[in-house]
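Engineer: As input, take model_22.cif (mmCIF, C-alpha atoms):
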```cif
data_structure
#
loop_
_atom_site.label_atom_id
_atom_site.label_comp_id
_atom_site.auth_asym_id
_atom_site.auth_seq_id
_atom_site.Cartn_x
_atom_site.Cartn_y
_atom_site.Cartn_z
CA MET A 1 12.01 4.73 17.04
CA GLU A 2 9.21 5.01 14.53
CA GLU A 3 11.68 5.39 11.69
CA LYS A 4 13.65 2.36 12.80
CA ASN A 5 10.46 0.36 13.20
CA GLY A 6 9.47 1.33 9.66
CA SER A 7 12.80 0.18 8.25
CA VAL A 8 12.48 -3.17 10.01
CA VAL A 9 8.98 -3.73 8.72
CA ARG A 10 9.95 -2.80 5.16
CA ARG A 11 12.91 -5.15 5.28
CA LEU A 12 10.72 -8.00 6.50
CA VAL A 13 7.90 -7.45 4.03
CA GLY A 14 9.77 -6.19 0.98
CA TYR A 15 8.69 -3.88 -1.80
CA ASP A 16 6.44 -6.23 -3.80
CA ARG A 17 2.83 -5.73 -4.74
CA PHE A 18 0.23 -7.71 -2.80
CA GLU A 19 -3.48 -8.05 -3.58
CA GLY A 20 -6.45 -9.94 -2.19
CA TRP A 21 -7.75 -11.07 1.20
CA LYS A 22 -5.28 -13.96 1.43
CA ALA A 23 -2.37 -11.56 1.11
CA CYS A 24 -4.00 -9.27 3.68
CA GLU A 25 -4.39 -12.13 6.15
CA ALA A 26 -0.82 -13.29 5.59
CA LEU A 27 0.43 -9.75 6.16
CA ALA A 28 -1.62 -9.46 9.36
CA ARG A 29 -0.11 -12.69 10.70
CA LEU A 30 3.36 -11.37 9.90
CA TYR A 31 2.73 -8.05 11.64
CA ARG A 32 1.53 -9.81 14.78
CA VAL A 33 4.95 -11.41 15.14
CA VAL A 34 6.80 -8.28 13.97
CA ARG A 35 5.09 -6.36 16.78
CA LEU A 36 6.58 -8.69 19.39
CA TYR A 37 10.00 -8.73 17.79
CA VAL A 38 10.24 -4.94 17.45
CA ASN A 39 8.75 -3.97 20.81
CA PHE A 40 10.68 -6.49 22.92
CA TYR A 41 13.96 -7.07 21.04
CA GLN A 42 14.61 -4.17 18.63
CA PRO A 43 16.61 -1.41 20.36
CA SER A 44 16.70 2.15 19.10
CA MET A 45 18.26 5.44 20.10
CA LYS A 46 16.26 8.54 20.98
CA LEU A 47 17.40 12.07 20.24
CA LEU A 48 17.88 13.98 23.50
CA GLU A 49 19.07 17.35 22.27
CA LYS A 50 20.29 19.10 19.15
CA GLU A 51 22.47 22.17 19.03
CA ARG A 52 23.43 24.24 15.99
CA ILE A 53 26.63 26.27 15.99
CA GLY A 54 26.93 28.03 12.65
CA ALA A 55 26.79 25.35 9.95
CA LYS A 56 27.57 22.52 12.38
CA VAL A 57 24.79 20.57 14.07
CA SER A 58 25.59 18.54 17.19
CA LYS A 59 23.18 15.81 18.28
CA LYS A 60 23.11 13.87 21.52
CA TYR A 61 21.39 10.50 21.83
CA ASP A 62 20.60 8.35 24.83
CA ASP A 63 21.56 4.70 25.14
CA ALA A 64 19.84 2.26 22.81
CA LYS A 65 16.82 0.63 24.43
CA THR A 66 13.88 -1.43 23.28
CA PRO A 67 10.33 -0.03 23.61
CA PHE A 68 9.75 -2.61 26.34
CA GLN A 69 12.70 -1.28 28.34
CA ARG A 70 11.50 2.30 27.92
CA VAL A 71 8.08 1.36 29.26
CA LEU A 72 9.63 -0.22 32.35
CA LEU A 73 11.68 2.93 32.99
CA SER A 74 8.76 5.29 32.42
CA GLU A 75 7.11 6.96 35.40
CA HIS A 76 3.84 7.47 33.53
CA ILE A 77 2.99 3.75 33.21
CA ASN A 78 1.28 1.99 36.09
CA GLN A 79 2.87 -1.03 37.74
CA SER A 80 0.18 -3.51 36.64
CA THR A 81 0.83 -2.76 32.97
CA LYS A 82 4.57 -3.19 33.49
CA GLU A 83 4.03 -6.51 35.21
CA MET A 84 1.78 -7.75 32.40
CA LEU A 85 4.42 -6.85 29.80
CA ARG A 86 7.14 -8.50 31.90
CA LEU A 87 5.19 -11.75 32.02
CA GLU A 88 4.66 -11.63 28.25
CA TYR A 89 8.38 -11.01 27.74
CA GLU A 90 9.35 -14.05 29.80
CA LYS A 91 7.31 -16.31 27.51
CA LEU A 92 9.09 -15.16 24.35
CA ASP A 93 12.16 -16.55 22.65
CA PRO A 94 13.95 -14.24 20.18
CA VAL A 95 15.40 -17.15 18.20
CA TYR A 96 11.99 -18.70 17.83
CA LEU A 97 10.49 -15.35 16.85
CA LEU A 98 13.04 -15.00 14.07
CA THR A 99 12.26 -18.51 12.82
CA GLN A 100 8.55 -17.72 12.81
CA LEU A 101 9.17 -14.46 10.95
CA GLU A 102 11.02 -16.32 8.20
CA SER A 103 8.17 -18.79 7.81
CA LEU A 104 5.58 -16.01 7.67
CA GLN A 105 7.70 -14.19 5.11
CA ASP A 106 7.61 -17.24 2.88
CA GLU A 107 3.86 -17.46 3.31
CA LEU A 108 3.41 -13.80 2.35
CA TRP A 109 5.67 -14.07 -0.71
CA LYS A 110 3.25 -16.54 -2.27
CA TYR A 111 0.91 -13.65 -2.99
CA SER A 112 3.44 -11.19 -4.41
CA TRP A 113 3.13 -10.01 -8.01
CA ASP A 114 6.12 -9.77 -10.30
CA LYS A 115 6.77 -7.17 -13.00
CA ARG A 116 4.77 -9.23 -15.52
CA GLY A 117 1.64 -8.93 -13.39
CA LEU A 118 1.66 -12.59 -12.30
CA ALA A 119 1.47 -14.00 -8.80
CA GLN A 120 4.50 -15.87 -7.51
CA ASP A 121 3.79 -19.53 -6.77
CA ASN A 122 7.28 -21.00 -6.41
CA TYR A 123 7.53 -20.72 -2.63
CA ILE A 124 6.91 -23.76 -0.47
CA VAL A 125 5.31 -22.79 2.83
CA THR A 126 5.46 -25.06 5.87
CA ASP A 127 2.78 -24.57 8.50
CA ASP A 128 4.62 -26.24 11.39
CA VAL A 129 6.36 -23.07 12.53
CA VAL A 130 3.33 -20.88 11.87
CA ASN A 131 0.96 -22.99 13.97
CA LYS A 132 3.27 -23.45 16.99
CA GLN A 133 2.83 -21.41 20.15
CA LEU A 134 5.48 -18.90 21.20
CA SER A 135 7.09 -20.58 24.14
CA LYS A 136 10.60 -21.23 25.42
CA ASP A 137 9.60 -24.78 26.32
CA THR A 138 9.08 -25.74 22.68
CA PRO A 139 12.25 -26.97 20.95
CA VAL A 140 13.23 -24.90 17.94
CA ILE A 141 14.94 -26.24 14.83
CA ILE A 142 17.12 -23.52 13.33
CA ALA A 143 17.03 -23.49 9.54
CA ASP A 144 20.10 -23.04 7.39
CA ARG A 145 19.92 -19.27 6.91
CA VAL A 146 23.05 -19.20 4.79
CA ASN A 147 21.31 -21.01 1.93
CA ARG A 148 17.90 -19.44 2.56
CA HIS A 149 16.45 -17.70 -0.48
CA TYR A 150 15.62 -14.08 0.28
CA HIS A 151 12.93 -12.78 -2.02
CA LYS A 152 14.12 -9.95 -4.23
CA ASN A 153 12.65 -8.61 -7.44
CA ASP A 154 14.43 -6.24 -9.75
CA GLN A 155 13.04 -2.73 -9.66
CA VAL A 156 10.86 -1.99 -12.65
CA ASP A 157 10.91 1.38 -14.37
CA PHE A 158 7.23 1.84 -15.18
CA ARG A 159 8.08 4.88 -17.28
CA LYS A 160 9.39 2.50 -19.96
CA SER A 161 6.15 0.51 -20.10
CA PRO A 162 3.73 1.30 -22.92
CA ARG A 163 1.17 3.84 -21.76
CA THR A 164 -2.43 2.96 -22.49
CA TRP A 165 -4.05 5.98 -20.85
CA ARG A 166 -4.27 9.68 -21.47
CA THR A 167 -3.15 12.27 -18.93
CA ARG A 168 -5.19 15.04 -20.55
CA LYS A 169 -7.88 15.54 -23.19
CA ASP A 170 -6.87 14.98 -26.82
CA PRO A 171 -6.69 18.46 -28.45
CA PHE A 172 -7.18 16.95 -31.95
CA GLU A 173 -10.19 14.82 -31.10
CA HIS A 174 -12.75 16.91 -33.03
CA VAL A 175 -10.56 17.59 -36.08
CA TRP A 176 -8.87 14.21 -36.42
CA ASP A 177 -11.09 13.11 -39.32
CA GLU A 178 -9.99 16.19 -41.28
CA ILE A 179 -6.33 15.56 -40.43
CA ARG A 180 -6.58 11.92 -41.45
CA LEU A 181 -8.23 12.82 -44.77
CA ARG A 182 -5.54 15.40 -45.47
CA MET A 183 -2.81 12.83 -44.71
CA GLU A 184 -4.42 10.24 -46.98
CA LEU A 185 -4.72 12.71 -49.89
CA ALA A 186 -1.20 14.07 -49.43
CA PRO A 187 1.02 11.60 -47.53
CA GLU A 188 4.00 13.95 -47.83
CA ASN A 189 2.40 16.29 -45.28
CA ASN A 190 4.04 16.41 -41.87
CA ALA A 191 2.93 17.57 -38.44
CA LYS A 192 4.31 21.09 -38.84
CA LYS A 193 2.38 21.70 -42.06
CA ILE A 194 -0.78 20.26 -40.54
CA ILE A 195 -0.54 22.41 -37.41
CA MET A 196 -0.02 25.54 -39.52
CA TRP A 197 -3.09 24.64 -41.57
CA LEU A 198 -5.13 24.11 -38.37
CA MET A 199 -3.99 27.46 -36.97
CA ASP A 200 -5.23 29.21 -40.11
CA LYS A 201 -8.53 27.35 -40.23
CA TYR A 202 -9.30 27.40 -36.48
CA PRO A 203 -7.81 30.57 -34.97
CA ASP A 204 -7.28 30.65 -31.19
CA LYS A 205 -7.78 26.86 -30.91
CA PHE A 206 -4.34 25.51 -31.84
CA SER A 207 -0.78 26.67 -31.30
CA ILE A 208 2.68 25.81 -32.58
CA GLY A 209 3.46 24.28 -29.18
CA GLN A 210 1.18 21.33 -30.02
CA THR A 211 3.39 20.19 -32.90
CA ARG A 212 5.07 17.45 -30.88
CA THR A 213 1.72 16.08 -29.74
CA LEU A 214 0.53 15.95 -33.33
CA GLN A 215 3.77 14.25 -34.41
CA ARG A 216 3.18 11.40 -31.97
CA ARG A 217 -0.44 11.08 -33.08
CA ILE A 218 0.50 10.96 -36.78
CA ALA A 219 3.33 8.47 -36.13
CA GLN A 220 0.89 6.14 -34.34
CA TRP A 221 -1.63 6.49 -37.19
CA ARG A 222 1.00 5.66 -39.82
CA GLN A 223 2.11 2.64 -37.86
CA ASN A 224 -1.46 1.35 -37.68
CA GLN A 225 -1.94 2.02 -41.39
CA ALA A 226 1.21 0.07 -42.29
CA SER A 227 0.08 -2.85 -40.17
CA GLN A 228 -3.36 -2.93 -41.81
CA GLU A 229 -1.86 -2.67 -45.31
CA GLU A 230 0.47 -5.56 -44.58
CA LYS A 231 -2.40 -7.75 -43.36
CA LEU A 232 -4.48 -6.82 -46.41
CA ARG A 233 -1.57 -7.58 -48.75
CA ASP A 234 -1.05 -11.03 -47.23
CA LEU A 235 -4.77 -11.74 -47.51
CA MET A 236 -4.88 -10.76 -51.20
CA ILE A 237 -1.82 -12.86 -52.02
CA ASN A 238 -3.28 -15.93 -50.37
CA GLU A 239 -6.63 -15.56 -52.20
CA SER A 240 -5.12 -14.79 -55.63
CA VAL A 241 -3.08 -18.01 -55.92
CA PRO A 242 -5.27 -20.48 -57.92
CA ALA A 243 -5.11 -24.20 -57.50
CA LEU A 244 -3.14 -25.85 -60.33
CA ASN A 245 -4.67 -28.85 -62.11
CA PHE A 246 -2.37 -31.00 -64.15
CA LYS A 247 -3.66 -33.26 -66.93
CA ILE A 248 -1.67 -36.19 -68.24
#
```
What is this file in C-alpha cells?
Structural biologist:
Amino acid sequence: MEEKNGSVVRRLVGYDRFEGWKACEALARLYRVVRLYVNFYQPSMKLLEKERIGAKVSKKYDDAKTPFQRVLLSEHINQSTKEMLRLEYEKLDPVYLLTQLESLQDELWKYSWDKRGLAQDNYIVTDDVVNKQLSKDTPVIIADRVNRHYHKNDQVDFRKSPRTWRTRKDPFEHVWDEIRLRMELAPENNAKKIIMWLMDKYPDKFSIGQTRTLQRRIAQWRQNQASQEEKLRDLMINESVPALNFKI
C-alpha cells in the first residue's frame, strides 16, 4: 500500500524542482486532497504469503481494498472511529476530488523550475475549484481532460553540464606558478613531460597517475590564454588605426 501510495503521489506531483514557501504551501494543499483520494478511493493489494520452491517464488495477495475499507474490516479499530470515517466518506465525491486535484496540480506547477533554472509562469490557475468545499451537493463542471496539458519536462543529464566545483583538493595548487612559467618558456611541453619533471623535483608528492588531471588543467589554461590573447589583439588593432585627414 505504501508503495502504491508513493507512485500515486509522484504521478500527481511530478519530478520537477520546487523552491520557496509558496511552493511548499501549494504542495501542502495538494497533499491534503491526495490524502482523501488515496485513503478513500485508491485500492491496493496486500501480500498475504510468499512461498519459494527452488528458483520459483509464489505470492498470494488478498482482494484489492482501499485503506478506508481495511479500517472498517479491522478488529483493532473502535466503532466511533469507524463511524467518523464513514461520515467523512459520505461527504466526498470522487469526481470532484479529481477535479480539485487537477486544479491544485496547475497551481503547484507555477513554482516548478525548468532545466535552465527559471520558474515556470505559463500556467493559468483558477481559484474557483480550489476554494470550493468538498460536497456532493455542489455541482461539478468536468473539464475537457482530453485536451488538458499535463506538465512534463525532459529529463536533464546534469553530468553534461559544466562543472564549477571541485570534488577534491587540487594537487597542483602549490606548484602551479612553476608549471605555468615552464609552459610559457617552452610551449611545446606537454603534461607527461611536466609530470616527470615534478616527480624528479618533488619526490613522493606526485605520481604518473596524475597525468590526466594535469592535462585537463593545462588545456583549461591554454584556452584562457588564447582568449586573453585574442582580446588583446583586437584591442591593439582598434587603437593602432589612426584617423585619416584628407586635404583638398
Engineer: Find the residues near A:Phe40: any atom within 9 Å, counting only C-alpha atoms, skip ones fewer than 6 places away on the same chain, and give them as JSON, numbers by chain.
Structural biologist: {"A": [66, 67, 68, 69, 89, 92, 94]}
Engineer: Report the distance between atom CA of A:Trp197 and atom CA of A:Lys169 in Å, rounded to one decimal place.
Structural biologist: 21.1 Å
Engineer: Please compute the atom CA of A:Asp93-atom CA of A:Trp109 distance, one decimal, in Å.
Structural biologist: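 Those two atoms sit 24.4 Å apart.
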Engineer: Which is closer to A:Val34 than all the others in A:Leu98, A:Leu73, A:Leu47, A:Ile179, using all atoms listed in the file?
Structural biologist: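 For A:Val34, the nearest of the candidates is A:Leu98.
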Engineer: Quick one, how far is atom CA of A:Val175 from atom CA of A:Lys192?
Structural biologist: 15.5 Å
Engineer: Applying 8 Å and only C-alpha atoms, which residues near A:Ala26 remain after dropping the ones on its own chain fewer than 6 positions away? List them as a PDB file with C-alpha atoms, in the frame of the given file.
Structural biologist:
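selection-v2.pdb, freshly written:
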```pdb
ATOM      1  CA  LEU A 104       5.580 -16.010   7.670  1.00  0.00           C
ATOM      2  CA  GLU A 107       3.860 -17.460   3.310  1.00  0.00           C
ATOM      3  CA  LEU A 108       3.410 -13.800   2.350  1.00  0.00           C
TER       4      LEU A 108
END
```
Engineer: From the options A:Val38, A:Val33, A:Ala55, A:Met84, which residue's atoms come nearest to A:Tyr96, counting only C-alpha atoms?
Structural biologist: A:Val33
Engineer: Which one of A:Leu87, A:Glu51, A:Ser112, A:Lys65 sits closest to A:Cys24 if you count only C-alpha atoms?
Structural biologist: A:Ser112
Engineer: Which one of A:Lys60, A:Arg180, A:Lys110, A:Lys193 sits closest to A:Asp16 if you count all atoms listed in the file?
Structural biologist: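 Once distances to A:Asp16 are computed over all atoms listed in the file, the minimum belongs to A:Lys110.
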Engineer: For this file, the PyMOL selection byres ((chain A and resi 215-217) around 10) selects which residues, as number ranges by chain?
Structural biologist: A: 170, 172, 176, 190-192, 194-195, 210-214, 218-222
Engineer: Provide stretch 55-66 of chain A rebuilt to N, CA and C atoms, formatted as a PDB file, in the coordinates of the input.
Structural biologist:
```
ATOM      1  N   ALA A  55      27.233  26.380  10.892  1.00  0.00           N
ATOM      2  CA  ALA A  55      26.790  25.350   9.950  1.00  0.00           C
ATOM      3  C   ALA A  55      26.883  23.951  10.547  1.00  0.00           C
ATOM      4  N   LYS A  56      27.379  23.824  11.751  1.00  0.00           N
ATOM      5  CA  LYS A  56      27.570  22.520  12.380  1.00  0.00           C
ATOM      6  C   LYS A  56      26.408  22.226  13.316  1.00  0.00           C
ATOM      7  N   VAL A  57      25.884  21.000  13.219  1.00  0.00           N
ATOM      8  CA  VAL A  57      24.790  20.570  14.070  1.00  0.00           C
ATOM      9  C   VAL A  57      25.283  19.414  14.940  1.00  0.00           C
ATOM     10  N   SER A  58      25.179  19.582  16.243  1.00  0.00           N
ATOM     11  CA  SER A  58      25.590  18.540  17.190  1.00  0.00           C
ATOM     12  C   SER A  58      24.340  17.893  17.773  1.00  0.00           C
ATOM     13  N   LYS A  59      24.321  16.560  17.760  1.00  0.00           N
ATOM     14  CA  LYS A  59      23.180  15.810  18.280  1.00  0.00           C
ATOM     15  C   LYS A  59      23.651  14.884  19.404  1.00  0.00           C
ATOM     16  N   LYS A  60      22.813  14.738  20.395  1.00  0.00           N
ATOM     17  CA  LYS A  60      23.110  13.870  21.520  1.00  0.00           C
ATOM     18  C   LYS A  60      21.988  12.857  21.682  1.00  0.00           C
ATOM     19  N   TYR A  61      22.367  11.580  21.721  1.00  0.00           N
ATOM     20  CA  TYR A  61      21.390  10.500  21.830  1.00  0.00           C
ATOM     21  C   TYR A  61      21.565   9.794  23.177  1.00  0.00           C
ATOM     22  N   ASP A  62      20.484   9.177  23.633  1.00  0.00           N
ATOM     23  CA  ASP A  62      20.600   8.350  24.830  1.00  0.00           C
ATOM     24  C   ASP A  62      21.023   6.945  24.449  1.00  0.00           C
ATOM     25  N   ASP A  63      21.172   6.083  25.411  1.00  0.00           N
ATOM     26  CA  ASP A  63      21.560   4.700  25.140  1.00  0.00           C
ATOM     27  C   ASP A  63      20.438   3.976  24.404  1.00  0.00           C
ATOM     28  N   ALA A  64      20.830   3.027  23.571  1.00  0.00           N
ATOM     29  CA  ALA A  64      19.840   2.260  22.810  1.00  0.00           C
ATOM     30  C   ALA A  64      19.029   1.377  23.751  1.00  0.00           C
ATOM     31  N   LYS A  65      17.724   1.450  23.612  1.00  0.00           N
ATOM     32  CA  LYS A  65      16.820   0.630  24.430  1.00  0.00           C
ATOM     33  C   LYS A  65      15.658   0.161  23.564  1.00  0.00           C
ATOM     34  N   THR A  66      15.068  -0.941  23.957  1.00  0.00           N
ATOM     35  CA  THR A  66      13.880  -1.430  23.280  1.00  0.00           C
ATOM     36  C   THR A  66      12.660  -0.667  23.810  1.00  0.00           C
TER      37      THR A  66
END
```
